[in-house]
Each structure stands twice: as C-alpha cells, then as structure tokens.
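Data file: model.txt. Format and content: compact mmCIF, C-alpha atoms.
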# COMPACT_ATOMS: atom_id res chain seq x y z
CA MET A 1 -105.50 94.66 109.11
CA ASN A 2 -107.76 92.25 107.40
CA PRO A 3 -107.80 89.01 109.39
CA LEU A 4 -107.81 86.95 106.16
CA LEU A 5 -104.71 88.72 104.87
CA ALA A 6 -102.94 88.27 108.21
CA LYS A 7 -103.75 84.59 108.19
CA LEU A 8 -102.44 84.29 104.65
CA ARG A 9 -99.19 85.96 105.60
CA SER A 10 -98.82 83.63 108.55
CA ASN A 11 -99.33 80.58 106.36
CA VAL A 12 -96.80 81.81 103.78
CA THR A 13 -94.26 82.40 106.54
CA LEU A 14 -94.85 78.88 107.87
CA VAL A 15 -94.42 77.38 104.41
CA VAL A 16 -91.18 79.29 103.89
CA VAL A 17 -89.86 78.21 107.29
CA LEU A 18 -90.78 74.60 106.59
CA ALA A 19 -89.17 74.75 103.14
CA VAL A 20 -85.98 76.18 104.59
CA ALA A 21 -86.01 73.54 107.30
CA VAL A 22 -86.45 70.76 104.73
CA ILE A 23 -83.64 72.18 102.60
CA LEU A 24 -81.33 72.39 105.61
CA VAL A 25 -82.17 68.83 106.64
CA MET A 26 -81.73 67.47 103.14
CA SER A 27 -78.37 69.22 102.72
CA SER A 28 -77.01 68.05 106.06
CA TYR A 29 -76.15 64.50 104.88
CA PHE A 30 -74.73 62.86 101.77
CA THR A 31 -74.13 59.37 100.42
CA VAL A 32 -70.92 57.95 98.91
CA ASN A 33 -71.44 54.94 96.63
CA GLN A 34 -69.60 51.66 96.92
CA ASN A 35 -67.20 52.27 94.00
CA GLU A 36 -66.44 55.88 95.04
CA VAL A 37 -64.70 57.96 97.69
CA GLY A 38 -65.52 61.55 98.63
CA ALA A 39 -64.04 64.70 100.07
CA VAL A 40 -65.73 67.50 102.07
CA LEU A 41 -64.82 71.14 101.51
CA ARG A 42 -65.83 73.85 103.96
CA PHE A 43 -65.70 77.35 102.51
CA GLY A 44 -63.44 75.88 99.79
CA ARG A 45 -60.95 74.25 102.17
CA LEU A 46 -60.49 70.49 102.56
CA VAL A 47 -61.90 69.39 105.90
CA SER A 48 -60.12 66.02 106.16
CA ASP A 49 -56.87 64.64 104.72
CA GLN A 50 -58.45 61.22 104.24
CA PRO A 51 -61.07 60.34 101.60
CA VAL A 52 -64.62 59.77 102.81
CA GLN A 53 -65.44 56.10 102.44
CA PRO A 54 -68.70 54.68 100.98
CA GLY A 55 -71.80 55.09 103.14
CA LEU A 56 -74.07 57.78 104.70
CA HIS A 57 -72.29 60.84 106.11
CA PHE A 58 -73.31 64.23 107.59
CA LYS A 59 -72.10 67.73 106.75
CA LEU A 60 -72.92 71.30 107.59
CA PRO A 61 -75.67 72.63 105.37
CA VAL A 62 -74.78 75.41 102.95
CA VAL A 63 -71.17 75.84 104.13
CA ASP A 64 -69.94 72.30 103.27
CA SER A 65 -69.66 70.90 99.75
CA VAL A 66 -68.95 67.28 98.76
CA HIS A 67 -66.93 65.98 95.80
CA THR A 68 -66.75 62.29 94.84
CA ILE A 69 -64.49 60.31 92.51
CA ARG A 70 -64.74 56.73 91.19
CA THR A 71 -62.15 54.29 92.52
CA SER A 72 -63.08 51.31 90.37
CA ILE A 73 -60.84 50.22 87.50
CA GLU A 74 -61.50 52.29 84.42
CA LYS A 75 -60.49 51.79 80.79
CA ILE A 76 -60.15 54.71 78.42
CA PRO A 77 -59.03 54.82 74.77
CA ILE A 78 -55.89 56.71 73.81
CA PRO A 79 -56.40 58.70 70.60
CA GLU A 80 -54.34 57.67 67.59
CA ILE A 81 -50.61 58.31 68.04
CA HIS A 82 -48.31 58.88 65.06
CA VAL A 83 -44.90 57.52 66.00
CA LYS A 84 -41.59 57.44 64.15
CA THR A 85 -39.46 54.32 64.43
CA ILE A 86 -35.68 54.08 64.56
CA ASP A 87 -35.60 53.28 60.82
CA ASN A 88 -37.55 56.49 60.02
CA GLN A 89 -40.87 54.80 59.31
CA PHE A 90 -44.13 56.43 60.40
CA VAL A 91 -46.65 54.21 62.17
CA SER A 92 -50.06 55.01 63.65
CA ILE A 93 -50.84 53.36 66.98
CA ASP A 94 -54.19 52.98 68.74
CA MET A 95 -54.04 52.08 72.44
CA SER A 96 -56.22 51.76 75.52
CA LEU A 97 -55.30 52.52 79.14
CA THR A 98 -56.56 50.60 82.18
CA TYR A 99 -56.17 52.47 85.50
CA HIS A 100 -57.65 53.39 88.86
CA PHE A 101 -57.03 56.27 91.28
CA SER A 102 -54.42 55.40 93.87
CA ASP A 103 -54.55 58.91 95.44
CA PRO A 104 -58.12 60.20 95.04
CA LEU A 105 -57.50 63.52 96.83
CA LYS A 106 -54.59 64.37 94.53
CA ALA A 107 -56.65 63.42 91.51
CA LEU A 108 -59.55 65.55 92.72
CA PHE A 109 -57.85 68.73 93.89
CA GLN A 110 -54.42 68.86 92.26
CA VAL A 111 -55.01 67.28 88.87
CA GLY A 112 -58.72 67.07 88.14
CA ASP A 113 -61.56 69.56 88.16
CA MET A 114 -60.28 71.50 91.13
CA GLY A 115 -56.85 71.75 89.54
CA GLY A 116 -58.24 72.69 86.16
CA GLY A 117 -59.40 70.13 83.58
CA THR A 118 -60.01 66.42 83.96
CA VAL A 119 -57.55 63.69 84.86
CA SER A 120 -57.80 62.04 81.44
CA GLU A 121 -56.99 65.34 79.73
CA LYS A 122 -53.64 65.36 81.53
CA VAL A 123 -52.84 61.62 81.65
CA ILE A 124 -53.42 60.96 77.92
CA PRO A 125 -50.79 63.47 76.63
CA PHE A 126 -48.30 62.06 79.13
CA VAL A 127 -48.91 58.49 77.87
CA GLN A 128 -48.62 59.61 74.24
CA SER A 129 -45.28 61.28 74.95
CA ARG A 130 -43.79 58.14 76.56
CA THR A 131 -45.15 56.04 73.70
CA LEU A 132 -43.23 58.15 71.18
CA ASP A 133 -40.02 57.58 73.18
CA VAL A 134 -40.50 53.78 73.27
CA PHE A 135 -41.35 53.37 69.59
CA GLY A 136 -38.42 55.58 68.61
CA GLN A 137 -36.09 52.77 69.76
CA VAL A 138 -37.47 49.91 67.63
CA ASN A 139 -37.47 48.91 63.99
CA ALA A 140 -40.80 49.10 62.17
CA LEU A 141 -40.59 45.45 61.15
CA GLU A 142 -40.24 44.43 64.81
CA ILE A 143 -43.42 46.13 66.05
CA ALA A 144 -45.82 43.27 65.34
CA ASP A 145 -43.44 40.63 66.72
CA LYS A 146 -42.56 42.70 69.82
CA LYS A 147 -46.06 43.99 70.58
CA LYS A 148 -46.19 42.55 74.10
CA GLY A 149 -42.70 43.78 74.87
CA LEU A 150 -43.58 47.29 73.67
CA GLU A 151 -46.68 47.33 75.87
CA ASN A 152 -44.56 46.36 78.89
CA SER A 153 -41.98 49.02 78.02
CA ILE A 154 -44.64 51.76 77.83
CA LEU A 155 -46.20 50.55 81.10
CA THR A 156 -42.82 50.66 82.83
CA ALA A 157 -42.14 54.14 81.45
CA ILE A 158 -45.41 55.69 82.73
CA GLN A 159 -46.42 53.70 85.81
CA ALA A 160 -44.30 55.31 88.53
CA GLN A 161 -44.58 58.88 87.20
CA ALA A 162 -48.34 58.60 86.65
CA ALA A 163 -48.85 57.66 90.30
CA ASP A 164 -46.61 60.48 91.50
CA MET A 165 -47.93 63.18 89.16
CA PHE A 166 -51.61 62.33 88.83
CA GLY A 167 -52.47 59.95 91.69
CA VAL A 168 -53.28 57.30 89.05
CA LYS A 169 -52.22 53.65 89.18
CA VAL A 170 -51.88 52.42 85.58
CA GLU A 171 -52.73 48.69 85.53
CA ASP A 172 -52.20 47.90 81.86
CA ILE A 173 -51.50 49.28 78.41
CA GLN A 174 -52.93 47.57 75.31
CA ILE A 175 -51.91 48.28 71.72
CA THR A 176 -55.20 47.75 69.89
CA GLN A 177 -54.21 48.62 66.32
CA ILE A 178 -51.05 49.19 64.27
CA LYS A 179 -51.25 51.10 60.98
CA TYR A 180 -48.23 51.32 58.72
CA ASP A 181 -47.58 53.81 55.93
CA GLU A 182 -48.96 52.63 52.56
CA ASN A 183 -45.53 52.52 50.89
CA PHE A 184 -44.12 50.65 53.85
CA GLU A 185 -47.00 48.16 53.75
CA ARG A 186 -46.31 47.49 50.09
CA ASN A 187 -42.63 46.93 50.89
CA ILE A 188 -43.64 44.62 53.72
CA GLN A 189 -45.86 42.62 51.37
CA VAL A 190 -42.98 42.23 48.90
CA THR A 191 -40.66 41.27 51.75
CA VAL A 192 -43.17 38.80 53.13
CA GLN A 193 -43.70 37.25 49.70
CA THR A 194 -39.94 36.95 49.21
CA ARG A 195 -39.57 35.43 52.66
CA ASN A 196 -42.40 33.02 51.99
CA GLN A 197 -40.77 31.98 48.73
CA GLN A 198 -37.49 31.47 50.54
CA LEU A 199 -39.23 29.43 53.21
CA ALA A 200 -41.00 27.38 50.53
CA ALA A 201 -37.67 26.73 48.80
CA ILE A 202 -36.12 25.75 52.14
CA ASN A 203 -39.03 23.45 52.88
CA ILE A 204 -38.72 21.82 49.43
CA LEU A 205 -34.99 21.37 50.04
CA LYS A 206 -35.70 19.84 53.43
CA VAL A 207 -38.25 17.48 51.88
CA LYS A 208 -35.70 16.43 49.23
CA GLN A 209 -33.06 15.94 51.89
CA THR A 210 -35.48 13.92 53.97
CA GLU A 211 -36.40 11.76 50.99
CA ALA A 212 -32.70 11.23 50.20
CA GLU A 213 -31.98 10.34 53.80
CA GLN A 214 -34.91 7.92 53.79
CA ALA A 215 -33.65 6.31 50.55
CA VAL A 216 -30.16 5.98 52.06
CA ALA A 217 -31.65 4.53 55.22
CA VAL A 218 -33.73 2.01 53.22
CA ALA A 219 -30.71 0.98 51.12
CA LYS A 220 -28.56 0.66 54.22
CA GLY A 221 -31.28 -1.35 55.89
CA GLU A 222 -31.54 -3.70 52.94
CA ALA A 223 -27.75 -4.06 52.79
CA ASP A 224 -27.61 -4.70 56.52
CA ALA A 225 -30.41 -7.24 56.20
CA ALA A 226 -28.61 -9.02 53.33
CA ALA A 227 -25.35 -8.98 55.27
CA ALA A 228 -27.12 -10.27 58.35
CA THR A 229 -28.75 -13.05 56.29
CA ALA A 230 -25.41 -14.05 54.73
CA ASP A 231 -23.72 -13.93 58.10
CA GLY A 232 -26.52 -16.03 59.58
CA GLN A 233 -26.21 -18.61 56.79
CA LYS A 234 -22.45 -18.66 57.25
CA ARG A 235 -22.80 -19.21 60.95
CA VAL A 236 -25.37 -21.96 60.40
CA ALA A 237 -22.99 -23.70 57.94
CA ILE A 238 -20.11 -23.35 60.40
CA ALA A 239 -22.28 -24.66 63.22
CA GLN A 240 -23.41 -27.61 61.11
CA ALA A 241 -19.78 -28.42 60.09
CA GLU A 242 -18.64 -28.14 63.68
CA ALA A 243 -21.50 -30.34 64.82
CA GLN A 244 -20.69 -32.94 62.14
CA ALA A 245 -16.98 -32.84 63.05
CA GLN A 246 -17.84 -33.18 66.71
CA SER A 247 -20.10 -36.11 65.88
CA VAL A 248 -17.29 -37.78 63.91
CA ARG A 249 -14.85 -37.13 66.76
CA LEU A 250 -17.29 -38.55 69.28
CA ALA A 251 -17.89 -41.61 67.09
CA ALA A 252 -14.12 -42.12 66.66
CA ASP A 253 -13.54 -41.62 70.37
CA ALA A 254 -16.32 -44.12 71.13
CA ALA A 255 -14.87 -46.68 68.67
CA ALA A 256 -11.36 -46.21 70.05
CA TYR A 257 -12.67 -46.47 73.55
CA ASP A 258 -14.58 -49.66 72.64
CA VAL A 259 -11.44 -51.25 71.09
CA SER A 260 -9.35 -50.20 74.06
CA LYS A 261 -11.85 -51.57 76.54
CA ARG A 262 -12.20 -54.80 74.53
CA ALA A 263 -8.43 -55.24 74.42
CA GLU A 264 -8.22 -54.50 78.11
CA ALA A 265 -11.02 -57.01 78.76
CA GLU A 266 -9.31 -59.75 76.68
CA ALA A 267 -5.97 -59.05 78.33
CA GLY A 268 -7.63 -59.14 81.72
CA ALA A 269 -9.36 -62.42 80.88
CA LYS A 270 -6.10 -63.92 79.69
CA ARG A 271 -4.35 -62.76 82.82
CA GLU A 272 -7.10 -64.25 84.95
CA VAL A 273 -6.99 -67.56 83.01
CA GLY A 274 -3.19 -67.66 83.31
CA ALA A 275 -3.37 -66.85 86.98
CA ALA A 276 -6.00 -69.56 87.50
CA GLU A 277 -3.93 -72.12 85.58
CA ALA A 278 -0.83 -71.10 87.51
CA GLU A 279 -2.78 -71.42 90.73
CA VAL A 280 -3.98 -74.92 89.71
CA ILE A 281 -0.45 -76.00 88.78
CA SER A 282 0.88 -74.53 92.04
CA THR A 283 -1.77 -76.37 94.00
CA LYS A 284 -1.02 -79.64 92.20
CA ALA A 285 2.68 -79.15 92.73
CA LYS A 286 2.08 -78.66 96.44
CA ALA A 287 -0.10 -81.76 96.49
CA ALA A 288 2.68 -83.75 94.77
CA GLY A 289 5.14 -82.59 97.38
CA SER A 290 7.35 -80.54 95.08
CA ALA A 291 7.55 -79.19 91.57
CA GLU A 292 10.01 -81.92 90.56
CA ALA A 293 7.62 -84.60 91.80
CA TYR A 294 4.78 -83.05 89.89
CA ALA A 295 6.95 -82.93 86.77
CA GLU A 296 7.77 -86.63 87.16
CA ILE A 297 4.04 -87.37 87.40
CA LEU A 298 3.44 -85.44 84.20
CA ARG A 299 6.28 -87.28 82.40
CA ALA A 300 4.99 -90.60 83.55
CA GLU A 301 1.51 -89.79 82.35
CA ALA A 302 2.85 -88.51 79.06
CA THR A 303 4.90 -91.69 78.60
CA LYS A 304 1.88 -93.79 79.37
CA ASN A 305 -0.28 -91.93 76.88
CA TRP A 306 2.40 -91.55 74.19
CA THR A 307 1.22 -92.77 70.83
CA GLY A 308 4.61 -92.83 69.22
CA ALA A 309 4.43 -89.31 67.76
CA VAL A 310 7.62 -87.32 67.96
CA PRO A 311 7.15 -84.32 70.27
CA ASN A 312 7.62 -80.86 68.81
CA VAL A 313 10.70 -78.99 69.91
CA GLN A 314 10.62 -75.18 69.91
CA LEU A 315 13.27 -72.74 70.85
CA GLY A 316 12.27 -70.84 73.96
CA GLY A 317 13.79 -67.95 75.82
CA GLY A 318 16.72 -68.99 77.99
CA ALA A 319 18.88 -67.19 80.48
CA ALA A 320 20.68 -64.03 79.45
CA GLY A 321 23.60 -64.94 77.16
CA SER A 322 22.70 -68.68 76.86
CA GLY A 323 20.81 -68.39 73.62
CA ALA A 324 17.59 -70.21 72.80
CA ALA A 325 16.60 -73.20 74.98
CA PRO A 326 14.66 -76.16 73.48
CA VAL A 327 11.10 -76.60 74.65
CA VAL A 328 9.22 -79.87 74.29
CA VAL A 329 5.61 -79.43 73.20
CA LEU A 330 3.57 -82.53 73.99
CA PRO A 331 0.54 -83.42 71.91
CA ALA A 332 -2.80 -82.46 73.36
CA GLU A 333 -3.98 -86.07 73.44
CA ALA A 334 -1.08 -86.93 75.75
CA MET A 335 -2.04 -84.22 78.17
CA ARG A 336 -5.74 -85.01 78.56
CA PRO A 337 -5.41 -88.26 80.56
CA ALA A 338 -2.75 -86.70 82.71
CA VAL A 339 -5.15 -84.04 83.85
CA ALA A 340 -7.76 -86.62 84.62
CA ALA A 341 -5.23 -88.77 86.44
CA GLN A 342 -4.12 -85.94 88.62
CA THR A 343 -7.37 -85.76 90.47
CA PRO A 344 -6.60 -88.58 92.97
CA VAL A 345 -3.23 -87.03 93.63
CA GLU A 346 -4.82 -83.84 94.78
Encoding of this model in structure tokens:
Amino acid sequence: MNPLLAKLRSNVTLVVVLAVAVILVMSSYFTVNQNEVGAVLRFGRLVSDQPVQPGLHFKLPVVDSVHTIRTSIEKIPIPEIHVKTIDNQFVSIDMSLTYHFSDPLKALFQVGDMGGGTVSEKVIPFVQSRTLDVFGQVNALEIADKKKGLENSILTAIQAQAADMFGVKVEDIQITQIKYDENFERNIQVTVQTRNQQLAAINILKVKQTEAEQAVAVAKGEADAAAATADGQKRVAIAQAEAQAQSVRLAADAAAYDVSKRAEAEAGAKREVGAAEAEVISTKAKAAGSAEAYAEILRAEATKNWTGAVPNVQLGGGAAGSGAAPVVVLPAEAMRPAVAAQTPVE
C-alpha cells in the first residue's frame, strides 16, 4: 500500500474520531434558562417526575433528549368572540389572557407538543366557550357598565379547570374591545340621547327647584330679620320703660325715705328736748326739796314778775270721766326771770 494513502486514511480516521468525540461531548450537557424549566426523555420516556430547574445539566448523549417550557407570565390575545346576550343581541368581544404554567410537565407532555398541538390551541377554545356562557346571562346594555364584573366571572369560570386540564394558571382576563351590532348601536344612541334629554330636563327642574328654595330662604331670612329687628326695638322700648319706671320708683322711695327719716329725726329731737327739759325740771324739783316746793317757787316768781296781764286758761286733758281741766298758761316774760332766779336754788 502506498504510504501516502495509508497516512491519509489514518488522518481521516482521526478526524472522524475527534468529530464524534466532540459531538458526544457537546451533546452530554444542556442549559436551562432562568425563565424556563426542562424535562429529560430517555428513549421517549420521562426520566424524572420533577422539572429540571434553570442552570447547566448533563445527559446521556444520543439517547437523552431535552424539552424546555417558559414559566414566566405570558399574555396572549383571544380571537374575536361573537356572543349572544340574554336579550338576544349579538356582540363581538376581543379579550386577552394572562397566564403562566403551574404544571410544566402536564403542559409539555399531556397538553402541548407531546400531546398533540400547542397549549394555546387548546386553552383558547376553552376560554371562548366559558365566555359565551357568561355573556349569555347578561343584558347587552349592561356589558359596558359591568365590564369588570364580567371579567371576574370569566376568570372564575376558567381558572380552576384550566389548571386541572392544561396545567395553566390563569392570572387575569381583560376585555379589550366590545362591538355591538349596527342596529343595536343605533338604538343605543337613540336611548342615550333620550336619557340625556331626560337628565337635562331633570337638571333644569333641579335648578328651578334650587332657585325657588333659595328665593324662599331669602324671603324667610328677610322676614326673620325684620321680625328680629321689631322684636329688638320692642324689647329696647320695654327695657327703657322699665328703667324709667324703676328710676321713678327709686326716686319716690328715696323721697319717702327722706321724709320718713326727717320726721323721725324731728320726733327724736323733740323727744330729746322734752326729756332734757323734764330732766332739768326733775333736778330743780329735787333741789327744791319736792315738786310742791318747786311749784311754790315758780308761783312766787310769776307773781313777782306779773305785769297785770290776765293769764290764758286752756282746757287740758283731765282724768278719765272728769272732763276738761283748766290749764293756766303764763306769759313768756313772766317765766324768764324765774328761770334765771332758779340758779341759786340749784
């Protein structure tokens, strides 16, 4: 054999061996990304009942195959759904579905590619079916007002079954567009215009009522203010009259009190003068020895000072049943010397 040909064969064999070795080495490991999980099949049978987590992993070359599935939250559109409402109106609904895989192995091998078709191909018809059931229970006019409630109803209707049937956790359902039938939309526009006109009429009525209430309130306020002013003036007049009457009463009381006190003072003075005179007479009578002696002294003095004038005789009060007793009133001139003459006697 030609040495050159033998060497060439040897080199080709080495290259083939090296290529096979590289292929075997390269196919003996695999990488799972952060937002994925994987599963290893050996001769078409699942090796592990748990998903392979993100990272670098090893497998048997040639005999093992790896399948991965995304576990991050995904959002897919739901094709237009034509629903019929309880009042026999046809409405077109556009929706979107937010989900993630809660059971990746079920999604991979029972629902998805291994089970025939993709997950979305099986989940979307299921969602559309439940949507028809929910919208069949509402009135067409209520759809826009109850949009959030309808979304929650659809979510409740599909969430548990989607997890059990497809290994999918549905996070949210969003109704993105609502399209009514053209005839129905025209009827809605007429209804809305009529309702708007009714609301406008109600608002005008409320404005008129408010204005009337304000006018009544203003009139009542003015009447109350006038009544309050009149009442205030009346009370001021009453207060002034009462004050004037009180002033008159106080002045009268003061005058009466002054007269009473003056009378009391004069009476007191007279009593004191009388008492003093009585005391003087009593003292002089004691000095004379007796009242009869003092009387004799007074008669003697009166006789001495008598000018010849006849003394006045008045009727005084006598004893009970004796009638009036005569009283001799001596002239004042006769009494003056007597008083002066009494001093030595004392």
query = To one decimal place, how far is atom CA of A:Thr118 from atom CA of A:Ile69 in Å?
reply =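 Straight-line distance from atom CA of A:Thr118 to atom CA of A:Ile69 works out to 11.4 Å.
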request  = May I ask which of the residues A:Lys261, A:Lys270, A:Lys75, A:His82 is the closest one to A:Asp94, counting all atoms listed in the file?
outcome  =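 Nearest candidate to A:Asp94 out of A:Lys261, A:Lys270, A:Lys75, A:His82: A:His82.
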ask   = If you measure from atom CA of A:Gly167 to atom CA of A:Leu155, what distance in Å do you get, rounded to one decimal?
value =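 Between atom CA of A:Gly167 and atom CA of A:Leu155 the gap is 15.5 Å.
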query = Between A:Glu171, A:Asp64, A:Glu272, A:Glu36, which has the minimum distance to A:Ile76 (counting only C-alpha atoms)?
reply =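 Comparing A:Glu171, A:Asp64, A:Glu272, A:Glu36 against A:Ile76, the winner is A:Glu171.
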ask   = So, counting all atoms listed in the file, which residue among A:Gly44, A:Val91, A:Thr71, A:Gly38 is closest to A:Phe184?
value =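 The answer is A:Val91, which sits nearest to A:Phe184.
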inquiry  = Restricting the calculation to all atoms listed in the file: of A:Lys84, A:Arg249, A:Arg45, A:Arg235, which residue gets closest to A:Ser65?
reply    =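 Among the listed residues, the smallest separation from A:Ser65 belongs to A:Arg45.
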inquiry  = Could you list, as a PyMOL selection string, every residue within 12 Å of A:Pro77, counting only C-alpha atoms and ignoring same-chain residues fewer than 5 positions away?
reply    = chain A and resi 93-99+120-121+123-124+127-128+173-177
message = For a test of reading the model, state the distance in Å between atom CA of A:Leu105 and atom CA of A:Glu151, rounded to one decimal.
response =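 Straight-line distance from atom CA of A:Leu105 to atom CA of A:Glu151 works out to 28.6 Å.
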ask   = Looking at only C-alpha atoms, which of A:Val25, A:Ala226, A:Ala215, A:Val32 is the one that sits closest to A:Val62?
value =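 So, comparing all the options, the nearest one is A:Val25.
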query = Taking into account all atoms listed in the file, which residue in the set A:Asp103, A:Ser10, A:Glu80, A:Leu5 is nearest to A:Pro51?
reply =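 Nearest candidate to A:Pro51 out of A:Asp103, A:Ser10, A:Glu80, A:Leu5: A:Asp103.
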Determine the axis-aligned bounding box of all atoms of stretch 222-236 of chain A present in the file, pad each side by 6 Å, and express its centre and edge lengths in Å to one decimal place as JSON.
{"center_x": -27.0, "center_y": -12.8, "center_z": 56.9, "size_x": 21.1, "size_y": 30.3, "size_z": 20.2}
ask   = Which neighbours of A:His67 fall inside 9 Å, counting only C-alpha atoms, when residues of the same chain fewer than 5 positions from it are skipped, and could you give them as JSON, numbers by chain?
value = {"A": [37, 38, 39, 40, 41, 108]}
Export of the given selection (C-alpha atoms) as an mmCIF file, keeping the file's coordinate frame:
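Written out: out_8.cif:
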data_model
loop_
_atom_site.group_PDB
_atom_site.id
_atom_site.type_symbol
_atom_site.label_atom_id
_atom_site.label_comp_id
_atom_site.auth_asym_id
_atom_site.auth_seq_id
_atom_site.Cartn_x
_atom_site.Cartn_y
_atom_site.Cartn_z
ATOM 1 C CA VAL A 37 -64.700 57.960 97.690
ATOM 2 C CA GLY A 38 -65.520 61.550 98.630
ATOM 3 C CA ALA A 39 -64.040 64.700 100.070
ATOM 4 C CA VAL A 40 -65.730 67.500 102.070
ATOM 5 C CA LEU A 41 -64.820 71.140 101.510
ATOM 6 C CA LEU A 108 -59.550 65.550 92.720
#
Counting only C-alpha atoms, which residues have an atom no more than 10 Å from (-76.7, 57.4, 103.5) in the file's coordinates? Please list them as a CSV table (one decimal) with C-alpha atoms, in the coordinates of the input.
chain,number,residue,atom,x,y,z
A,29,TYR,CA,-76.2,64.5,104.9
A,30,PHE,CA,-74.7,62.9,101.8
A,31,THR,CA,-74.1,59.4,100.4
A,32,VAL,CA,-70.9,58.0,98.9
A,33,ASN,CA,-71.4,54.9,96.6
A,54,PRO,CA,-68.7,54.7,101.0
A,55,GLY,CA,-71.8,55.1,103.1
A,56,LEU,CA,-74.1,57.8,104.7
A,57,HIS,CA,-72.3,60.8,106.1
A,58,PHE,CA,-73.3,64.2,107.6
